[in-house]
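Next up, run21.cif (mmCIF, C-alpha atoms):
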data_target
#
loop_
_atom_site.group_PDB
_atom_site.id
_atom_site.type_symbol
_atom_site.label_atom_id
_atom_site.label_comp_id
_atom_site.auth_asym_id
_atom_site.auth_seq_id
_atom_site.Cartn_x
_atom_site.Cartn_y
_atom_site.Cartn_z
ATOM 1 C CA MET A 1 77.231 95.284 126.339
ATOM 2 C CA GLY A 2 76.719 97.433 129.418
ATOM 3 C CA GLN A 3 78.156 94.942 131.883
ATOM 4 C CA TYR A 4 81.210 94.397 129.664
ATOM 5 C CA HIS A 5 81.897 98.124 129.682
ATOM 6 C CA VAL A 6 81.538 98.252 133.474
ATOM 7 C CA ASN A 7 83.945 95.344 133.820
ATOM 8 C CA VAL A 8 86.551 97.078 131.636
ATOM 9 C CA VAL A 9 86.187 100.362 133.533
ATOM 10 C CA THR A 10 87.010 98.560 136.782
ATOM 11 C CA MET A 11 90.154 97.206 135.090
ATOM 12 C CA LEU A 12 91.440 100.762 134.550
ATOM 13 C CA PRO A 13 91.491 102.307 138.061
ATOM 14 C CA HIS A 14 94.332 104.698 137.191
ATOM 15 C CA ARG A 15 92.181 106.216 134.460
ATOM 16 C CA TYR A 16 88.593 105.833 135.607
ATOM 17 C CA GLU A 17 86.580 106.099 138.765
ATOM 18 C CA LEU A 18 83.349 104.152 138.351
ATOM 19 C CA VAL A 19 80.600 106.495 139.554
ATOM 20 C CA GLY A 20 77.638 104.188 139.030
ATOM 21 C CA VAL A 21 75.242 102.492 136.637
ATOM 22 C CA HIS A 22 71.693 102.962 135.410
ATOM 23 C CA ASP A 23 69.419 100.462 133.688
ATOM 24 C CA ALA A 24 65.754 100.468 132.743
ATOM 25 C CA ASN A 25 65.487 97.144 134.590
ATOM 26 C CA PRO A 26 66.063 98.016 138.279
ATOM 27 C CA VAL A 27 66.679 94.391 139.301
ATOM 28 C CA ARG A 28 69.357 93.982 136.645
ATOM 29 C CA ALA A 29 70.870 97.356 137.508
ATOM 30 C CA GLN A 30 71.146 96.460 141.187
ATOM 31 C CA GLU A 31 72.757 93.111 140.324
ATOM 32 C CA VAL A 32 75.440 94.845 138.272
ATOM 33 C CA ALA A 33 75.949 97.550 140.900
ATOM 34 C CA ASP A 34 76.382 94.931 143.621
ATOM 35 C CA LYS A 35 78.741 92.831 141.501
ATOM 36 C CA PHE A 36 81.033 95.763 140.762
ATOM 37 C CA GLU A 37 80.586 97.493 144.137
ATOM 38 C CA THR A 38 79.148 100.701 142.738
ATOM 39 C CA VAL A 39 75.959 102.769 142.940
ATOM 40 C CA TYR A 40 72.697 102.108 141.105
ATOM 41 C CA TYR A 41 71.163 105.397 139.997
ATOM 42 C CA GLN A 42 67.420 105.146 139.551
ATOM 43 C CA GLU A 43 67.345 108.231 137.311
ATOM 44 C CA VAL A 44 69.670 108.473 134.335
ATOM 45 C CA ASN A 45 69.917 112.254 134.773
ATOM 46 C CA ASP A 46 71.359 111.791 138.251
ATOM 47 C CA LEU A 47 74.050 109.474 136.910
ATOM 48 C CA ILE A 48 74.925 111.888 134.102
ATOM 49 C CA ASN A 49 75.177 114.803 136.545
ATOM 50 C CA ALA A 50 77.488 112.802 138.809
ATOM 51 C CA SER A 51 79.882 111.920 135.965
ATOM 52 C CA ASP A 52 82.511 113.513 133.741
ATOM 53 C CA ALA A 53 81.934 110.965 130.976
ATOM 54 C CA VAL A 54 79.325 108.287 130.287
ATOM 55 C CA VAL A 55 79.143 105.030 128.383
ATOM 56 C CA ILE A 56 75.817 104.508 126.641
ATOM 57 C CA ALA A 57 74.890 100.907 125.835
ATOM 58 C CA VAL A 58 71.144 101.056 125.251
ATOM 59 C CA PRO A 59 68.863 99.929 122.401
ATOM 60 C CA THR A 60 69.607 101.756 119.139
ATOM 61 C CA THR A 61 66.244 103.517 119.268
ATOM 62 C CA LEU A 62 67.432 105.312 122.443
ATOM 63 C CA HIS A 63 70.922 106.247 121.259
ATOM 64 C CA TYR A 64 69.960 109.714 120.034
ATOM 65 C CA SER A 65 67.897 110.838 123.018
ATOM 66 C CA THR A 66 70.293 109.458 125.647
ATOM 67 C CA ALA A 67 73.456 110.775 123.987
ATOM 68 C CA LYS A 68 71.860 114.180 123.415
ATOM 69 C CA MET A 69 70.956 114.319 127.110
ATOM 70 C CA ALA A 70 74.559 113.586 128.122
ATOM 71 C CA LEU A 71 76.170 115.922 125.594
ATOM 72 C CA SER A 72 73.777 118.738 126.490
ATOM 73 C CA ALA A 73 74.890 118.320 130.114
ATOM 74 C CA GLY A 74 78.529 118.720 129.027
ATOM 75 C CA ARG A 75 79.560 115.076 129.366
ATOM 76 C CA HIS A 76 81.904 113.138 127.087
ATOM 77 C CA VAL A 77 80.180 110.133 125.514
ATOM 78 C CA LEU A 78 81.240 106.657 124.462
ATOM 79 C CA LEU A 79 78.212 105.451 122.498
ATOM 80 C CA GLU A 80 77.704 101.880 121.307
ATOM 81 C CA LYS A 81 77.277 101.374 117.557
ATOM 82 C CA PRO A 82 75.430 102.301 115.449
ATOM 83 C CA ILE A 83 75.662 105.967 116.322
ATOM 84 C CA THR A 84 71.933 106.627 115.781
ATOM 85 C CA GLU A 85 68.944 105.418 113.791
ATOM 86 C CA THR A 86 69.099 108.231 111.213
ATOM 87 C CA VAL A 87 71.770 110.312 109.520
ATOM 88 C CA GLU A 88 70.027 113.502 110.668
ATOM 89 C CA GLN A 89 70.215 112.407 114.309
ATOM 90 C CA ALA A 90 73.907 111.555 113.911
ATOM 91 C CA GLU A 91 74.661 114.919 112.326
ATOM 92 C CA GLU A 92 72.970 116.689 115.235
ATOM 93 C CA LEU A 93 74.927 114.750 117.882
ATOM 94 C CA ILE A 94 78.239 115.299 116.092
ATOM 95 C CA SER A 95 77.549 119.040 115.763
ATOM 96 C CA LEU A 96 76.522 119.248 119.427
ATOM 97 C CA ALA A 97 79.706 117.521 120.580
ATOM 98 C CA GLU A 98 81.869 119.783 118.408
ATOM 99 C CA ALA A 99 80.112 122.938 119.621
ATOM 100 C CA LYS A 100 80.678 121.969 123.252
ATOM 101 C CA GLY A 101 84.226 120.678 122.750
ATOM 102 C CA LEU A 102 83.274 117.170 123.865
ATOM 103 C CA ILE A 103 84.383 113.724 122.773
ATOM 104 C CA LEU A 104 81.684 111.651 121.088
ATOM 105 C CA GLN A 105 83.214 108.253 120.375
ATOM 106 C CA VAL A 106 81.211 105.454 118.763
ATOM 107 C CA GLY A 107 81.944 101.903 119.867
ATOM 108 C CA HIS A 108 83.561 100.368 116.811
ATOM 109 C CA VAL A 109 85.330 97.834 119.005
ATOM 110 C CA GLU A 110 86.718 95.756 116.109
ATOM 111 C CA ARG A 111 88.841 98.753 115.099
ATOM 112 C CA PHE A 112 90.839 98.031 118.276
ATOM 113 C CA ASN A 113 91.372 94.376 117.465
ATOM 114 C CA GLY A 114 95.147 93.950 117.135
ATOM 115 C CA ALA A 115 94.769 91.915 113.953
ATOM 116 C CA VAL A 116 92.674 94.629 112.292
ATOM 117 C CA GLN A 117 95.310 97.235 113.089
ATOM 118 C CA GLU A 118 98.035 94.987 111.659
ATOM 119 C CA ILE A 119 96.166 94.147 108.473
ATOM 120 C CA HIS A 120 96.054 97.821 107.527
ATOM 121 C CA LYS A 121 99.859 97.675 107.306
ATOM 122 C CA ILE A 122 99.960 94.815 104.791
ATOM 123 C CA ILE A 123 97.052 95.650 102.483
ATOM 124 C CA ASN A 124 98.159 97.667 99.459
ATOM 125 C CA ASN A 125 96.046 96.783 96.408
ATOM 126 C CA PRO A 126 93.143 94.482 97.370
ATOM 127 C CA LEU A 127 91.250 92.843 94.522
ATOM 128 C CA LEU A 128 88.634 90.858 96.399
ATOM 129 C CA VAL A 129 87.566 90.979 100.055
ATOM 130 C CA GLU A 130 85.269 88.485 101.779
ATOM 131 C CA CYS A 131 83.801 88.942 105.282
ATOM 132 C CA ARG A 132 81.830 86.405 107.295
ATOM 133 C CA ARG A 133 80.236 87.249 110.650
ATOM 134 C CA MET A 134 77.887 84.561 111.978
ATOM 135 C CA ASN A 135 76.154 84.123 115.338
ATOM 136 C CA PRO A 136 73.554 81.851 116.898
ATOM 137 C CA PHE A 137 70.189 83.541 117.320
ATOM 138 C CA THR A 138 69.505 85.476 120.513
ATOM 139 C CA ALA A 139 66.167 87.017 121.386
ATOM 140 C CA ARG A 140 67.960 89.749 123.374
ATOM 141 C CA ILE A 141 68.399 92.050 120.366
ATOM 142 C CA LYS A 142 64.995 93.066 119.011
ATOM 143 C CA ASP A 143 65.373 96.640 117.782
ATOM 144 C CA VAL A 144 67.750 96.110 114.852
ATOM 145 C CA GLY A 145 68.550 93.440 112.289
ATOM 146 C CA VAL A 146 71.766 91.637 111.523
ATOM 147 C CA VAL A 147 73.109 94.509 109.387
ATOM 148 C CA LEU A 148 73.172 97.033 112.242
ATOM 149 C CA ASP A 149 73.912 94.377 114.844
ATOM 150 C CA LEU A 150 76.798 92.486 113.229
ATOM 151 C CA MET A 151 77.589 93.419 109.629
ATOM 152 C CA ILE A 152 78.206 97.053 110.516
ATOM 153 C CA HIS A 153 81.580 96.038 112.040
ATOM 154 C CA ASP A 154 82.780 94.597 108.738
ATOM 155 C CA LEU A 155 81.347 97.442 106.663
ATOM 156 C CA ASP A 156 83.263 99.892 108.849
ATOM 157 C CA ILE A 157 86.534 97.965 108.643
ATOM 158 C CA VAL A 158 86.450 97.205 104.918
ATOM 159 C CA VAL A 159 85.251 100.589 103.654
ATOM 160 C CA ASN A 160 88.141 102.235 105.498
ATOM 161 C CA LEU A 161 90.562 99.479 104.506
ATOM 162 C CA ILE A 162 89.849 99.893 100.782
ATOM 163 C CA ASN A 163 89.837 103.697 101.045
ATOM 164 C CA SER A 164 88.093 104.228 97.697
ATOM 165 C CA PRO A 165 84.642 105.673 96.938
ATOM 166 C CA ILE A 166 81.805 103.168 96.696
ATOM 167 C CA GLN A 167 80.555 102.681 93.152
ATOM 168 C CA LYS A 168 77.744 100.159 93.628
ATOM 169 C CA ILE A 169 75.957 98.273 96.433
ATOM 170 C CA SER A 170 73.866 95.121 96.031
ATOM 171 C CA ALA A 171 72.125 93.663 99.061
ATOM 172 C CA THR A 172 69.699 90.870 99.913
ATOM 173 C CA GLY A 173 68.433 89.431 103.181
ATOM 174 C CA ASN A 174 65.753 87.384 104.923
ATOM 175 C CA ARG A 175 63.972 87.143 108.223
ATOM 176 C CA ILE A 176 64.180 83.786 109.942
ATOM 177 C CA PHE A 177 63.256 84.270 113.583
ATOM 178 C CA SER A 178 62.671 88.023 113.879
ATOM 179 C CA GLU A 179 59.329 89.707 113.301
ATOM 180 C CA ASN A 180 60.514 92.903 111.631
ATOM 181 C CA HIS A 181 64.249 92.661 110.931
ATOM 182 C CA GLU A 182 66.584 90.665 108.723
ATOM 183 C CA ASP A 183 68.437 87.773 110.386
ATOM 184 C CA VAL A 184 70.640 86.888 107.411
ATOM 185 C CA ALA A 185 72.093 89.260 104.849
ATOM 186 C CA ASN A 186 74.468 89.180 101.915
ATOM 187 C CA VAL A 187 76.007 92.342 100.489
ATOM 188 C CA GLN A 188 78.357 93.084 97.629
ATOM 189 C CA ILE A 189 80.122 96.418 97.298
ATOM 190 C CA GLN A 190 82.061 97.493 94.243
ATOM 191 C CA PHE A 191 84.591 100.276 94.744
ATOM 192 C CA GLU A 192 85.803 102.778 92.183
ATOM 193 C CA ASN A 193 89.322 101.324 92.325
ATOM 194 C CA GLY A 194 87.944 97.985 91.075
ATOM 195 C CA CYS A 195 87.974 96.089 94.362
ATOM 196 C CA ILE A 196 84.917 93.963 95.147
ATOM 197 C CA ALA A 197 83.917 93.208 98.737
ATOM 198 C CA SER A 198 81.450 90.536 99.795
ATOM 199 C CA PHE A 199 79.769 90.467 103.213
ATOM 200 C CA ALA A 200 77.782 87.599 104.723
ATOM 201 C CA ALA A 201 76.156 88.063 108.129
ATOM 202 C CA SER A 202 73.841 85.793 110.068
ATOM 203 C CA ARG A 203 72.374 85.520 113.530
ATOM 204 C CA ALA A 204 70.845 82.152 112.715
ATOM 205 C CA THR A 205 74.055 80.117 112.564
ATOM 206 C CA GLN A 206 74.866 77.439 115.119
ATOM 207 C CA ASN A 207 78.485 78.506 115.269
ATOM 208 C CA LYS A 208 80.234 81.788 115.930
ATOM 209 C CA ILE A 209 82.367 82.834 112.954
ATOM 210 C CA ARG A 210 84.349 86.058 112.490
ATOM 211 C CA THR A 211 86.656 86.057 109.471
ATOM 212 C CA LEU A 212 88.087 88.423 106.867
ATOM 213 C CA SER A 213 89.982 87.348 103.760
ATOM 214 C CA VAL A 214 91.731 89.562 101.231
ATOM 215 C CA ILE A 215 93.035 88.619 97.801
ATOM 216 C CA GLN A 216 95.869 90.690 96.370
ATOM 217 C CA GLU A 217 97.912 90.118 93.234
ATOM 218 C CA LYS A 218 100.617 88.071 94.974
ATOM 219 C CA SER A 219 99.096 87.114 98.305
ATOM 220 C CA TYR A 220 96.018 85.773 100.078
ATOM 221 C CA ILE A 221 95.470 87.134 103.589
ATOM 222 C CA PHE A 222 93.190 85.463 106.120
ATOM 223 C CA LEU A 223 92.207 87.023 109.453
ATOM 224 C CA ASN A 224 90.352 85.246 112.249
ATOM 225 C CA TYR A 225 88.919 87.812 114.662
ATOM 226 C CA ALA A 226 88.318 85.267 117.403
ATOM 227 C CA ASP A 227 91.988 84.417 117.966
ATOM 228 C CA GLN A 228 93.386 87.602 116.343
ATOM 229 C CA ASP A 229 95.535 85.540 113.973
ATOM 230 C CA ILE A 230 96.637 86.588 110.472
ATOM 231 C CA HIS A 231 97.930 84.105 107.895
ATOM 232 C CA ILE A 232 99.474 85.283 104.627
ATOM 233 C CA HIS A 233 99.696 82.796 101.727
ATOM 234 C CA ARG A 234 102.306 83.550 99.066
ATOM 235 C CA GLN A 235 103.851 81.879 95.999
ATOM 236 C CA ALA A 236 100.995 79.434 95.573
ATOM 237 C CA SER A 237 101.219 76.611 93.049
ATOM 238 C CA SER A 238 98.776 73.865 92.146
ATOM 239 C CA ALA A 239 98.699 70.703 90.083
ATOM 240 C CA TYR A 240 96.494 67.743 89.211
ATOM 241 C CA LEU A 241 97.852 64.276 90.018
ATOM 242 C CA MET A 242 96.327 61.497 87.939
ATOM 243 C CA THR A 243 96.387 57.787 88.748
ATOM 244 C CA ARG A 244 94.373 54.915 87.348
ATOM 245 C CA GLU A 245 91.921 55.177 90.220
ATOM 246 C CA GLU A 246 91.426 58.925 90.653
ATOM 247 C CA ILE A 247 92.445 62.485 89.946
ATOM 248 C CA ARG A 248 93.781 64.443 92.878
ATOM 249 C CA TYR A 249 94.293 68.154 93.238
ATOM 250 C CA SER A 250 97.271 69.412 95.199
ATOM 251 C CA GLN A 251 98.194 72.927 96.242
ATOM 252 C CA GLU A 252 101.268 74.340 97.885
ATOM 253 C CA SER A 253 102.053 77.798 99.168
ATOM 254 C CA PHE A 254 104.371 79.582 101.526
ATOM 255 C CA ILE A 255 102.353 80.495 104.631
ATOM 256 C CA GLU A 256 103.463 83.291 106.922
ATOM 257 C CA GLN A 257 101.790 83.745 110.309
ATOM 258 C CA LEU A 258 101.944 87.363 111.355
ATOM 259 C CA TYR A 259 102.612 88.065 115.018
ATOM 260 C CA VAL A 260 99.842 90.160 116.546
ATOM 261 C CA HIS A 261 99.979 91.723 119.990
ATOM 262 C CA LYS A 262 96.779 90.420 121.563
ATOM 263 C CA ASP A 263 94.822 92.482 124.037
ATOM 264 C CA ASN A 264 91.207 93.073 124.970
ATOM 265 C CA PRO A 265 89.810 95.298 122.171
ATOM 266 C CA LEU A 266 87.141 96.783 124.472
ATOM 267 C CA LYS A 267 89.829 97.757 126.991
ATOM 268 C CA LEU A 268 91.865 99.404 124.213
ATOM 269 C CA GLU A 269 88.744 101.251 123.089
ATOM 270 C CA HIS A 270 88.300 102.649 126.606
ATOM 271 C CA ILE A 271 91.955 103.648 126.865
ATOM 272 C CA HIS A 272 91.582 105.520 123.580
ATOM 273 C CA PHE A 273 88.425 107.232 124.869
ATOM 274 C CA TYR A 274 90.283 108.304 128.020
ATOM 275 C CA GLU A 275 93.265 109.623 126.031
ATOM 276 C CA CYS A 276 90.991 111.570 123.686
ATOM 277 C CA ILE A 277 89.451 113.306 126.716
ATOM 278 C CA THR A 278 92.573 113.905 128.796
ATOM 279 C CA GLN A 279 95.388 114.174 126.248
ATOM 280 C CA GLY A 280 93.680 115.634 123.180
ATOM 281 C CA VAL A 281 94.276 112.524 121.084
ATOM 282 C CA THR A 282 92.357 112.596 117.794
ATOM 283 C CA PRO A 283 89.482 110.071 117.851
ATOM 284 C CA PHE A 284 90.265 106.931 115.896
ATOM 285 C CA VAL A 285 86.931 107.152 114.063
ATOM 286 C CA SER A 286 85.869 110.639 113.021
ATOM 287 C CA GLY A 287 82.316 111.927 112.930
ATOM 288 C CA GLU A 288 82.420 112.009 109.143
ATOM 289 C CA MET A 289 83.443 108.341 109.077
ATOM 290 C CA ASP A 290 80.455 107.501 111.253
ATOM 291 C CA LEU A 291 78.131 109.451 108.979
ATOM 292 C CA ASN A 292 79.473 107.708 105.865
ATOM 293 C CA LEU A 293 79.119 104.325 107.561
ATOM 294 C CA LEU A 294 75.528 105.093 108.550
ATOM 295 C CA ARG A 295 74.704 106.187 104.984
ATOM 296 C CA THR A 296 76.159 102.931 103.651
ATOM 297 C CA THR A 297 74.209 100.749 106.078
ATOM 298 C CA HIS A 298 71.012 102.639 105.294
ATOM 299 C CA GLU A 299 71.468 101.937 101.589
ATOM 300 C CA VAL A 300 72.023 98.254 102.391
ATOM 301 C CA LEU A 301 68.858 98.180 104.506
ATOM 302 C CA ARG A 302 66.882 100.069 101.862
ATOM 303 C CA GLN A 303 67.710 97.434 99.254
ATOM 304 C CA ILE A 304 66.967 94.545 101.607
ATOM 305 C CA HIS A 305 63.617 95.843 102.782
ATOM 306 C CA ASN A 306 62.500 97.200 99.417
ATOM 307 C CA ALA A 307 62.802 93.611 98.225
ATOM 308 C CA ASN A 308 60.089 92.666 100.764
ATOM 309 C CA VAL A 309 62.152 90.526 103.103
ATOM 310 C CA GLN A 310 60.375 87.232 103.718
ATOM 311 C CA ARG A 311 60.416 84.897 106.673
ATOM 312 C CA ILE A 312 62.062 81.592 105.718
ATOM 313 C CA PHE A 313 60.887 79.446 108.620
ATOM 314 C CA PRO A 314 57.436 79.584 110.174
ATOM 315 C CA LYS A 315 57.198 81.256 113.559
ATOM 316 C CA GLY A 316 57.905 78.852 116.411
#
As structure tokens, how would this structure be written, given the file I've shared?
Amino acid sequence: MGQYHVNVVTMLPHRYELVGVHDANPVRAQEVADKFETVYYQEVNDLINASDAVVIAVPTTLHYSTAKMALSAGRHVLLEKPITETVEQAEELISLAEAKGLILQVGHVERFNGAVQEIHKIINNPLLVECRRMNPFTARIKDVGVVLDLMIHDLDIVVNLINSPIQKISATGNRIFSENHEDVANVQIQFENGCIASFAASRATQNKIRTLSVIQEKSYIFLNYADQDIHIHRQASSAYLMTREEIRYSQESFIEQLYVHKDNPLKLEHIHFYECITQGVTPFVSGEMDLNLLRTTHEVLRQIHNANVQRIFPKG
């Protein structure tokens, strides 16, 4: 994600001045620095000291220590999700940022997807929600499983979309390619208002899928994250047509395609970060929201790993 953040920063010259980059891999860091005509800092402390704000896109295991270093130095922080490994670490970072009057924004980039912002305006009484987030396997991500890598986006969006306390969580998952983490997971959440949400996530799928569907009393809403399109199905009717040869099922409905202003969600996330720092805009995702999300994902992971996640396919 680091190079994507650098690319976006260079797209916003009236807001940002790109000071430099740091990476644990010096060859990779120099490549990025050369590509974007900036400075490679060999020591992360030097980069932090030269900056007013930093973007941290490192393995999850390093989120806490790196963000604490930046916040302690008085720097605003845009930190990739998840905020930290543990709730206690997250609470400490949030308290540190508040005490120093700094912005600590976590990179929930899907919150800035135009379709996600629009769907909040048309959801009123959801009965059933289904999320699918599938990716091909990549060996690049080794420190977390599919829940913290992919599903966390949908958990964040849906929990805030439903806006009702969670009553029950059921979760299962399996390893396929990874040594220690789940590669596929299925989660069901029941909310106190009666809504049921189902989440399927995979990083072992030979196709990239990002969808959200919502069933309400008089409508079915389908969102495709990839093209930021929303389709609303209303006034559905169905019938069986019988002939001597076969029985056919037909369905008709009025389909409305909602216009969505499409923009780069990562760019919008950075603009929001800038406005929070310079204009006092309230962060889109509060610290308490991040803590609640982390607690939810930890419960999901507890259930998956307490069930002794098994590898489905033999190694290799």
With only C-alpha atoms as the basis for distance, which of A:Val87, A:Leu258, A:Ala201, A:Val109 is at the shortest distance from A:His5?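 Among the listed residues, the smallest separation from A:His5 belongs to A:Val109.
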The residues within 8 Å of (75.1, 109.7, 117.8), using only C-alpha atoms and the coordinates of the file, should be reported as JSON, numbers by chain; which are they? {"A": [63, 64, 67, 68, 79, 82, 83, 84, 89, 90, 91, 92, 93, 94, 104, 106]}
With only C-alpha atoms as the basis for distance, which of A:Ser178, A:Asn49, A:Gln206, A:Asn124 is at the shortest distance from A:Val146? A:Ser178
Picked residues, the PyMOL selection byres ((chain A and resi 12-21) around 7), as a PyMOL selection string: chain A and resi 8-11+22-23+29+33+38-41+47+51
Could you tell me which residues the PyMOL selection byres ((chain A and resi 156) around 10) returns for this structure, as a ChimeraX atom specification? /A:108,110-111,151-155,157-161,285,289-290,292-294,296-297
What does the distance from atom CA of A:Glu85 to atom CA of A:Gly114 come to in Å, to one decimal?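 Rounded to one decimal, the two atoms are 28.8 Å apart.
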Suppose you want the space between atom CA of A:Arg210 and atom CA of A:Leu223; what is it in Å?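 Computing it gives 8.5 Å between the two atoms.
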So which residues fall inside 9 Å of (83.0, 98.8, 92.1) if we count all atoms listed in the file? Mind giving them as a PDB file with C-alpha atoms, in the frame of the given file?
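Output file selection_1.pdb follows:
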ATOM      1  CA  PRO A 165      84.642 105.673  96.938  1.00  0.00           C
ATOM      2  CA  ILE A 166      81.805 103.168  96.696  1.00  0.00           C
ATOM      3  CA  GLN A 167      80.555 102.681  93.152  1.00  0.00           C
ATOM      4  CA  LYS A 168      77.744 100.159  93.628  1.00  0.00           C
ATOM      5  CA  ILE A 169      75.957  98.273  96.433  1.00  0.00           C
ATOM      6  CA  ILE A 189      80.122  96.418  97.298  1.00  0.00           C
ATOM      7  CA  GLN A 190      82.061  97.493  94.243  1.00  0.00           C
ATOM      8  CA  PHE A 191      84.591 100.276  94.744  1.00  0.00           C
ATOM      9  CA  GLU A 192      85.803 102.778  92.183  1.00  0.00           C
ATOM     10  CA  ASN A 193      89.322 101.324  92.325  1.00  0.00           C
ATOM     11  CA  GLY A 194      87.944  97.985  91.075  1.00  0.00           C
ATOM     12  CA  CYS A 195      87.974  96.089  94.362  1.00  0.00           C
ATOM     13  CA  ILE A 196      84.917  93.963  95.147  1.00  0.00           C
ATOM     14  CA  ALA A 197      83.917  93.208  98.737  1.00  0.00           C
TER      15      ALA A 197
END
Residues returned when the PyMOL selection byres ((chain A and resi 256) around 12) runs on this file, as a list in words: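 That selection, the PyMOL selection byres ((chain A and resi 256) around 12), comes back as Ser219, Tyr220, Ile221, Phe222, Asp229, Ile230, His231, Ile232, His233, Arg234, Gln235, Ser253, Phe254, Ile255, Gln257, Leu258 and Tyr259 of chain A.
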